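See below for the structure under consideration.
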Amino acid sequence: MLSRRLNTNRPGVRRARELPPPQADGRERNHVHIGPHRFAGRFFLAPLAGVSDRPFRKICRDMGAAFAYTEMVSAHGLLHETRQTLSYLDRDPEEVPFAVQIFAAEPDALARGAEAAVRHGAGLVDINMACPVKKVCGTGAGASLARDPAAVEAAVRAVREAGGVPVSVKIRAGWDDANLNCVEVARAAEAGGASAVALHGRTRAQGYAGQARWEFVAAVKRAVSIPVLGSGDVWTAADALRMRAETGCDAVLVARGACGNPWIFSELRAAERGEAPPPPPTRGAWAEVVLRHVALQIEHRRRQLPAEAADAAERHALRELRKHLLWYTRGRRGGLHFRRDADRLETADDVRRLIDLHFPDDGEAFAPAAAAEGAAGEELH
């Protein structure tokens, strides 16, 4: 039986400079396969509700993320092809395969949602069985679906047969400490035809509180023959590397640790190559990424609503980006003053001026952003 004791030997947050010494690996050891898809790296951007849109996926992939999922998309919404739902499927041409995470309670709805996702370019479909939010679980979807291994197997099989593309699932350790069924659920997913399983090491009852128990990631890895992706409490590159070492997982999903700190993927890419960790970004390099994210977000908005007035599109894009701007500035000298003024931002030039005002390039060391622990709350699934 799995231990339920928290691993108190793991500190909650470690800085990038605490990375373990790099090790030179063979090139193939830094690749992972999900079905026929081969990924040149073992560190992925997790599917983050309200966060993993096209602009942020692009930023993280350019920083070194080997792969990035969309935020979770309602299978029912895909069937109706609403503007909001289809906006989640906006993708960069370089996103191959394009991985769409869907959620629903019924195998038929999931299957039809998968068909719709594939029509819109998905080359991999992930089923969310990990979302702890009450409004999702109350419908029988998210973490609620994983309470019944037989239902999991049926859902995976339906999606696999309907979509004709590889299927992965994201699950939790269990519903609560009395129902820690992740091993049974992972085996059921494999039996249904899943090509990979991702495990967040908390229960649904925990939500995002407490500590992720990585021993469950290791247990699932021992129990199935398909790739296992670990998730939970990956705040720094050191955490991601340690998760791989402690659990043997095939890849790591970086979630809240990437919010405000996409540079985490640069550190991980260097570690995979056996190189020393790169230095923290300078003020200039940091500002360049922030302003590029602003530009990508504005382009994203204009693609979704081409008839919208340019100034309105820019204003709405910055409203959508506000949480990222708060994360980018967290833990940096001048960040508090920036965040106090952030509500007034309406244009890209406003962001540039506010950066110049509160983050002067005075030649001094520019402290790296702290991990956005707890900042995203229940938006991240």
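Identifiers in the structure tokens: chain A, B, ... in order shown; residue index from 1 per chain; ligand index from 1 in order shown.
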Contacts of A:His324 at 9 Å or less, counting only C-alpha atoms, minus same-chain residues fewer than 6 places along, as a PDB file with C-alpha atoms, in the first residue's frame?
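So the final result, stored in result_38.pdb, reads:
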ATOM      1  CA  VAL A  51      -3.324  30.456 -18.979  1.00  0.00           C
ATOM      2  CA  CYS A 259       3.810  31.508 -14.651  1.00  0.00           C
ATOM      3  CA  GLY A 260       5.920  34.650 -14.749  1.00  0.00           C
ATOM      4  CA  VAL A 290       7.276  40.719 -21.480  1.00  0.00           C
ATOM      5  CA  HIS A 293       4.137  38.489 -24.850  1.00  0.00           C
TER       6      HIS A 293
END
### Task
Extract the full set of alpha helix (DSSP H) residues from stretch 280-335 of chain A according to DSSP on the backbone, and format it as a PyMOL selection string.
chain A and resi 283-304+310-329+335
### Task
Could you tell me which of A:Ala150, A:Ala317, A:Val167, A:Arg202 comes closest to A:Val185 if we count only C-alpha atoms?
A:Ala150
### Query
Which of these, A:Leu180, A:Ala105, A:Val254, A:Ala116, has the shortest distance to A:Val152 once you count only C-alpha atoms?
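Looking only at the distances to A:Val152, the closest residue turns out to be A:Ala105.
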### Message
Can you tell me which residues surround A:Arg42 at a distance of at most 12 Å, considering only C-alpha atoms, apart from same-chain residues fewer than 3 positions away, and format the answer as a PyMOL selection string?
### Response
chain A and resi 27-34+38-39+45+64-68+227-230+240-241+243-244+248-254+265+268-269+271-273
Residues as selected, N, CA and C atoms, written as a short mmCIF file (atom, residue, chain, number, x, y, z; two decimals), in the first residue's frame, can you do that?
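Contents of the output file part-v2.cif:
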data_model
loop_
_atom_site.label_atom_id
_atom_site.label_comp_id
_atom_site.auth_asym_id
_atom_site.auth_seq_id
_atom_site.Cartn_x
_atom_site.Cartn_y
_atom_site.Cartn_z
N ARG A 27 21.87 11.60 -26.54
CA ARG A 27 20.82 12.45 -27.11
C ARG A 27 19.45 11.78 -27.01
N GLU A 28 19.39 10.47 -27.26
CA GLU A 28 18.10 9.80 -27.27
C GLU A 28 17.49 9.74 -25.88
N ARG A 29 18.30 9.81 -24.84
CA ARG A 29 17.77 9.77 -23.48
C ARG A 29 16.96 11.01 -23.15
N ASN A 30 17.13 12.06 -23.92
CA ASN A 30 16.38 13.28 -23.67
C ASN A 30 15.19 13.41 -24.60
N HIS A 31 14.70 12.29 -25.11
CA HIS A 31 13.50 12.29 -25.94
C HIS A 31 12.44 11.40 -25.30
N VAL A 32 11.19 11.73 -25.55
CA VAL A 32 10.09 10.91 -25.06
C VAL A 32 9.09 10.75 -26.20
N HIS A 33 8.48 9.57 -26.26
CA HIS A 33 7.50 9.27 -27.30
C HIS A 33 6.11 9.15 -26.69
N ILE A 34 5.13 9.78 -27.32
CA ILE A 34 3.72 9.58 -26.99
C ILE A 34 3.05 9.12 -28.27
N ARG A 38 7.40 12.07 -31.29
CA ARG A 38 8.68 12.07 -30.58
C ARG A 38 9.01 13.51 -30.19
N PHE A 39 9.25 13.71 -28.91
CA PHE A 39 9.50 15.05 -28.39
C PHE A 39 10.96 15.17 -27.96
N LEU A 45 5.08 22.19 -20.99
CA LEU A 45 4.15 23.12 -20.34
C LEU A 45 2.84 22.40 -20.12
N GLY A 64 12.22 26.86 -24.59
CA GLY A 64 12.78 25.52 -24.48
C GLY A 64 11.82 24.43 -24.10
N ALA A 65 10.55 24.74 -23.85
CA ALA A 65 9.58 23.68 -23.54
C ALA A 65 9.49 22.74 -24.74
N ALA A 66 9.58 21.44 -24.47
CA ALA A 66 9.56 20.47 -25.56
C ALA A 66 8.17 20.31 -26.15
N PHE A 67 7.15 20.71 -25.39
CA PHE A 67 5.78 20.45 -25.80
C PHE A 67 4.87 21.31 -24.93
N ALA A 68 3.68 21.62 -25.44
CA ALA A 68 2.74 22.43 -24.66
C ALA A 68 1.31 22.04 -25.02
N PRO A 227 4.26 5.95 -21.29
CA PRO A 227 4.95 7.06 -20.64
C PRO A 227 4.11 7.70 -19.53
N VAL A 228 4.80 8.09 -18.47
CA VAL A 228 4.17 8.75 -17.32
C VAL A 228 4.76 10.15 -17.19
N LEU A 229 3.87 11.14 -17.08
CA LEU A 229 4.27 12.53 -16.92
C LEU A 229 3.96 12.95 -15.49
N GLY A 230 4.95 13.49 -14.79
CA GLY A 230 4.75 13.91 -13.41
C GLY A 230 4.37 15.37 -13.31
N ALA A 240 12.01 20.20 -11.07
CA ALA A 240 11.69 19.35 -12.22
C ALA A 240 12.71 18.24 -12.38
N LEU A 241 13.98 18.59 -12.24
CA LEU A 241 15.03 17.58 -12.37
C LEU A 241 14.96 16.57 -11.24
N MET A 243 12.22 15.71 -9.60
CA MET A 243 11.08 14.84 -9.83
C MET A 243 11.45 13.70 -10.77
N ARG A 244 12.15 14.02 -11.83
CA ARG A 244 12.58 12.97 -12.75
C ARG A 244 13.45 11.95 -12.03
N GLY A 248 11.36 8.59 -11.62
CA GLY A 248 11.57 7.87 -12.86
C GLY A 248 10.58 8.22 -13.95
N CYS A 249 9.80 9.27 -13.76
CA CYS A 249 8.79 9.64 -14.76
C CYS A 249 9.47 9.98 -16.09
N ASP A 250 8.74 9.79 -17.15
CA ASP A 250 9.30 10.00 -18.49
C ASP A 250 9.41 11.47 -18.85
N ALA A 251 8.52 12.29 -18.32
CA ALA A 251 8.54 13.72 -18.59
C ALA A 251 7.88 14.43 -17.41
N VAL A 252 8.11 15.73 -17.35
CA VAL A 252 7.57 16.56 -16.26
C VAL A 252 6.70 17.66 -16.86
N LEU A 253 5.51 17.83 -16.29
CA LEU A 253 4.64 18.94 -16.66
C LEU A 253 4.92 20.11 -15.73
N VAL A 254 5.36 21.21 -16.27
CA VAL A 254 5.60 22.42 -15.49
C VAL A 254 4.35 23.28 -15.58
N PHE A 265 12.24 26.94 -18.55
CA PHE A 265 12.49 25.99 -19.63
C PHE A 265 13.88 26.16 -20.23
N LEU A 268 16.06 24.20 -17.92
CA LEU A 268 15.88 22.76 -18.10
C LEU A 268 16.49 22.28 -19.41
N ARG A 269 16.39 23.08 -20.45
CA ARG A 269 17.01 22.71 -21.72
C ARG A 269 18.53 22.63 -21.56
N ALA A 271 20.13 21.95 -18.80
CA ALA A 271 20.43 20.76 -18.00
C ALA A 271 20.38 19.50 -18.86
N GLU A 272 19.39 19.43 -19.76
CA GLU A 272 19.30 18.26 -20.64
C GLU A 272 20.51 18.15 -21.55
N ARG A 273 21.08 19.28 -21.90
CA ARG A 273 22.24 19.27 -22.79
C ARG A 273 23.56 19.11 -22.03
#
### Task
Any chance you could list, as a PyMOL selection string, the residues in stretch 137-350 of chain A that come up strand (DSSP E) when DSSP is run on the backbone?
chain A and resi 167-174+196-203+228-231+251-254
### Query
In Å to one decimal, how far is atom CA of A:Trp175 from atom CA of A:Arg147?
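Here the two named atoms are 6.6 Å from each other.
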### Task
Show which residues sit within 12 Å of A:Ala46, as a ChimeraX atom specification. Count only C-alpha atoms, and ignore same-chain residues fewer than 2 positions away.
/A:43-44,48-53,56-57,60-61,65-72,99-101,126,128,170,198-200,229-232,234,251-259,380-381
### Task
Using only C-alpha atoms, pick whichever of A:Glu314, A:Asp108, A:Glu161, A:Asp343 has the shortest atom-to-atom distance to A:Leu326.
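Of all the options, A:Asp343 lies closest to A:Leu326.
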Find the residues around A:Val136 up to 12 Å (only C-alpha atoms counted), leave out those fewer than 4 positions away in its own chain, and share them as a PDB file with N, CA and C atoms, in the first residue's frame.
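Output below, filename selection.pdb:
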ATOM      1  N   MET A  72      -7.755  23.486 -20.861  1.00  0.00           N
ATOM      2  CA  MET A  72      -8.820  22.502 -21.054  1.00  0.00           C
ATOM      3  C   MET A  72     -10.008  23.141 -21.767  1.00  0.00           C
ATOM      4  N   VAL A  73     -10.595  22.349 -22.661  1.00  0.00           N
ATOM      5  CA  VAL A  73     -11.679  22.805 -23.525  1.00  0.00           C
ATOM      6  C   VAL A  73     -12.879  21.890 -23.317  1.00  0.00           C
ATOM      7  N   SER A  74     -14.046  22.467 -23.181  1.00  0.00           N
ATOM      8  CA  SER A  74     -15.259  21.670 -23.025  1.00  0.00           C
ATOM      9  C   SER A  74     -15.548  20.883 -24.302  1.00  0.00           C
ATOM     10  N   ILE A 102      -9.417  18.058 -23.426  1.00  0.00           N
ATOM     11  CA  ILE A 102     -10.874  18.186 -23.394  1.00  0.00           C
ATOM     12  C   ILE A 102     -11.415  17.637 -22.080  1.00  0.00           C
ATOM     13  N   PHE A 103     -12.638  18.057 -21.747  1.00  0.00           N
ATOM     14  CA  PHE A 103     -13.286  17.496 -20.561  1.00  0.00           C
ATOM     15  C   PHE A 103     -14.777  17.334 -20.814  1.00  0.00           C
ATOM     16  N   ALA A 104     -15.334  16.300 -20.228  1.00  0.00           N
ATOM     17  CA  ALA A 104     -16.769  16.001 -20.218  1.00  0.00           C
ATOM     18  C   ALA A 104     -16.915  14.768 -19.344  1.00  0.00           C
ATOM     19  N   ALA A 105     -18.142  14.415 -19.032  1.00  0.00           N
ATOM     20  CA  ALA A 105     -18.379  13.256 -18.170  1.00  0.00           C
ATOM     21  C   ALA A 105     -18.682  11.993 -18.962  1.00  0.00           C
ATOM     22  N   ASN A 128      -9.027  15.495 -19.526  1.00  0.00           N
ATOM     23  CA  ASN A 128      -8.832  16.015 -18.175  1.00  0.00           C
ATOM     24  C   ASN A 128      -9.651  15.198 -17.183  1.00  0.00           C
ATOM     25  N   MET A 129      -8.949  14.505 -16.292  1.00  0.00           N
ATOM     26  CA  MET A 129      -9.572  13.775 -15.193  1.00  0.00           C
ATOM     27  C   MET A 129      -8.955  14.227 -13.875  1.00  0.00           C
ATOM     28  N   ALA A 130      -8.491  15.492 -13.866  1.00  0.00           N
ATOM     29  CA  ALA A 130      -7.772  16.005 -12.704  1.00  0.00           C
ATOM     30  C   ALA A 130      -8.342  17.295 -12.145  1.00  0.00           C
ATOM     31  N   CYS A 131      -9.167  18.002 -12.911  1.00  0.00           N
ATOM     32  CA  CYS A 131      -9.678  19.294 -12.443  1.00  0.00           C
ATOM     33  C   CYS A 131     -10.468  19.115 -11.149  1.00  0.00           C
ATOM     34  N   PRO A 132     -10.108  19.845 -10.075  1.00  0.00           N
ATOM     35  CA  PRO A 132     -10.798  19.688  -8.799  1.00  0.00           C
ATOM     36  C   PRO A 132     -11.956  20.650  -8.580  1.00  0.00           C
ATOM     37  N   GLY A 140     -19.709  15.433 -13.176  1.00  0.00           N
ATOM     38  CA  GLY A 140     -19.142  14.105 -13.392  1.00  0.00           C
ATOM     39  C   GLY A 140     -17.869  14.123 -14.201  1.00  0.00           C
ATOM     40  N   ALA A 141     -17.401  15.316 -14.567  1.00  0.00           N
ATOM     41  CA  ALA A 141     -16.174  15.455 -15.353  1.00  0.00           C
ATOM     42  C   ALA A 141     -14.988  15.737 -14.432  1.00  0.00           C
ATOM     43  N   GLY A 142     -13.830  16.009 -15.034  1.00  0.00           N
ATOM     44  CA  GLY A 142     -12.649  16.313 -14.248  1.00  0.00           C
ATOM     45  C   GLY A 142     -12.276  15.172 -13.325  1.00  0.00           C
ATOM     46  N   ALA A 143     -11.880  15.512 -12.100  1.00  0.00           N
ATOM     47  CA  ALA A 143     -11.445  14.499 -11.141  1.00  0.00           C
ATOM     48  C   ALA A 143     -12.552  13.519 -10.798  1.00  0.00           C
ATOM     49  N   SER A 144     -13.798  13.926 -10.954  1.00  0.00           N
ATOM     50  CA  SER A 144     -14.918  13.040 -10.646  1.00  0.00           C
ATOM     51  C   SER A 144     -14.942  11.828 -11.573  1.00  0.00           C
ATOM     52  N   LEU A 145     -14.558  12.010 -12.828  1.00  0.00           N
ATOM     53  CA  LEU A 145     -14.558  10.901 -13.782  1.00  0.00           C
ATOM     54  C   LEU A 145     -13.602   9.799 -13.347  1.00  0.00           C
ATOM     55  N   ARG A 204      -8.068  15.189  -5.179  1.00  0.00           N
ATOM     56  CA  ARG A 204      -9.056  16.205  -5.497  1.00  0.00           C
ATOM     57  C   ARG A 204      -9.398  17.004  -4.246  1.00  0.00           C
ATOM     58  N   GLU A 378      -7.340  28.347  -8.359  1.00  0.00           N
ATOM     59  CA  GLU A 378      -8.027  27.234  -8.991  1.00  0.00           C
ATOM     60  C   GLU A 378      -8.114  27.361 -10.500  1.00  0.00           C
ATOM     61  N   GLU A 379      -7.499  28.390 -11.080  1.00  0.00           N
ATOM     62  CA  GLU A 379      -7.532  28.488 -12.532  1.00  0.00           C
ATOM     63  C   GLU A 379      -6.700  27.393 -13.183  1.00  0.00           C
ATOM     64  N   HIS A 381      -5.467  23.711 -13.797  1.00  0.00           N
ATOM     65  CA  HIS A 381      -5.977  22.367 -13.617  1.00  0.00           C
ATOM     66  C   HIS A 381      -5.026  21.338 -14.187  1.00  0.00           C
TER      67      HIS A 381
END
### Task
Would you please work out which residue, of A:Asp92, A:Glu81, A:Glu246, A:Glu308, is nearest to A:Ile59 when using only C-alpha atoms?
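The shortest atom-to-atom distance to A:Ile59 comes from A:Asp92.
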### Task
Have a look at atom CA of A:Ile355 and atom CA of A:Ala238 and let me know their distance in Å, one decimal.
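Going from atom CA of A:Ile355 over to atom CA of A:Ala238 covers 29.2 Å.
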#### Entry: Shortest interatomic distance to A:His80 - which of A:Gly164, A:Pro97, A:Gly113, A:Gly35, counting only C-alpha atoms
A:Gly113
Per-residue nearest contacts stretch 136-223 of chain A to stretch 118-123 of chain A, cut-off 12 Å, using only C-alpha atoms, as a tab-separated table:
residue	atom	partner	partner_atom	distance
A:Val159	CA	A:Val118	CA	10.8
A:Arg160	CA	A:Val118	CA	11.2
A:Ala162	CA	A:Val118	CA	9.5
A:Gly163	CA	A:Val118	CA	6.3
A:Gly164	CA	A:Val118	CA	8.4
A:Val165	CA	A:Gly123	CA	5.9
A:Pro166	CA	A:Gly123	CA	7.3
A:Val167	CA	A:Gly123	CA	9.3
A:Ser168	CA	A:Gly123	CA	11.4
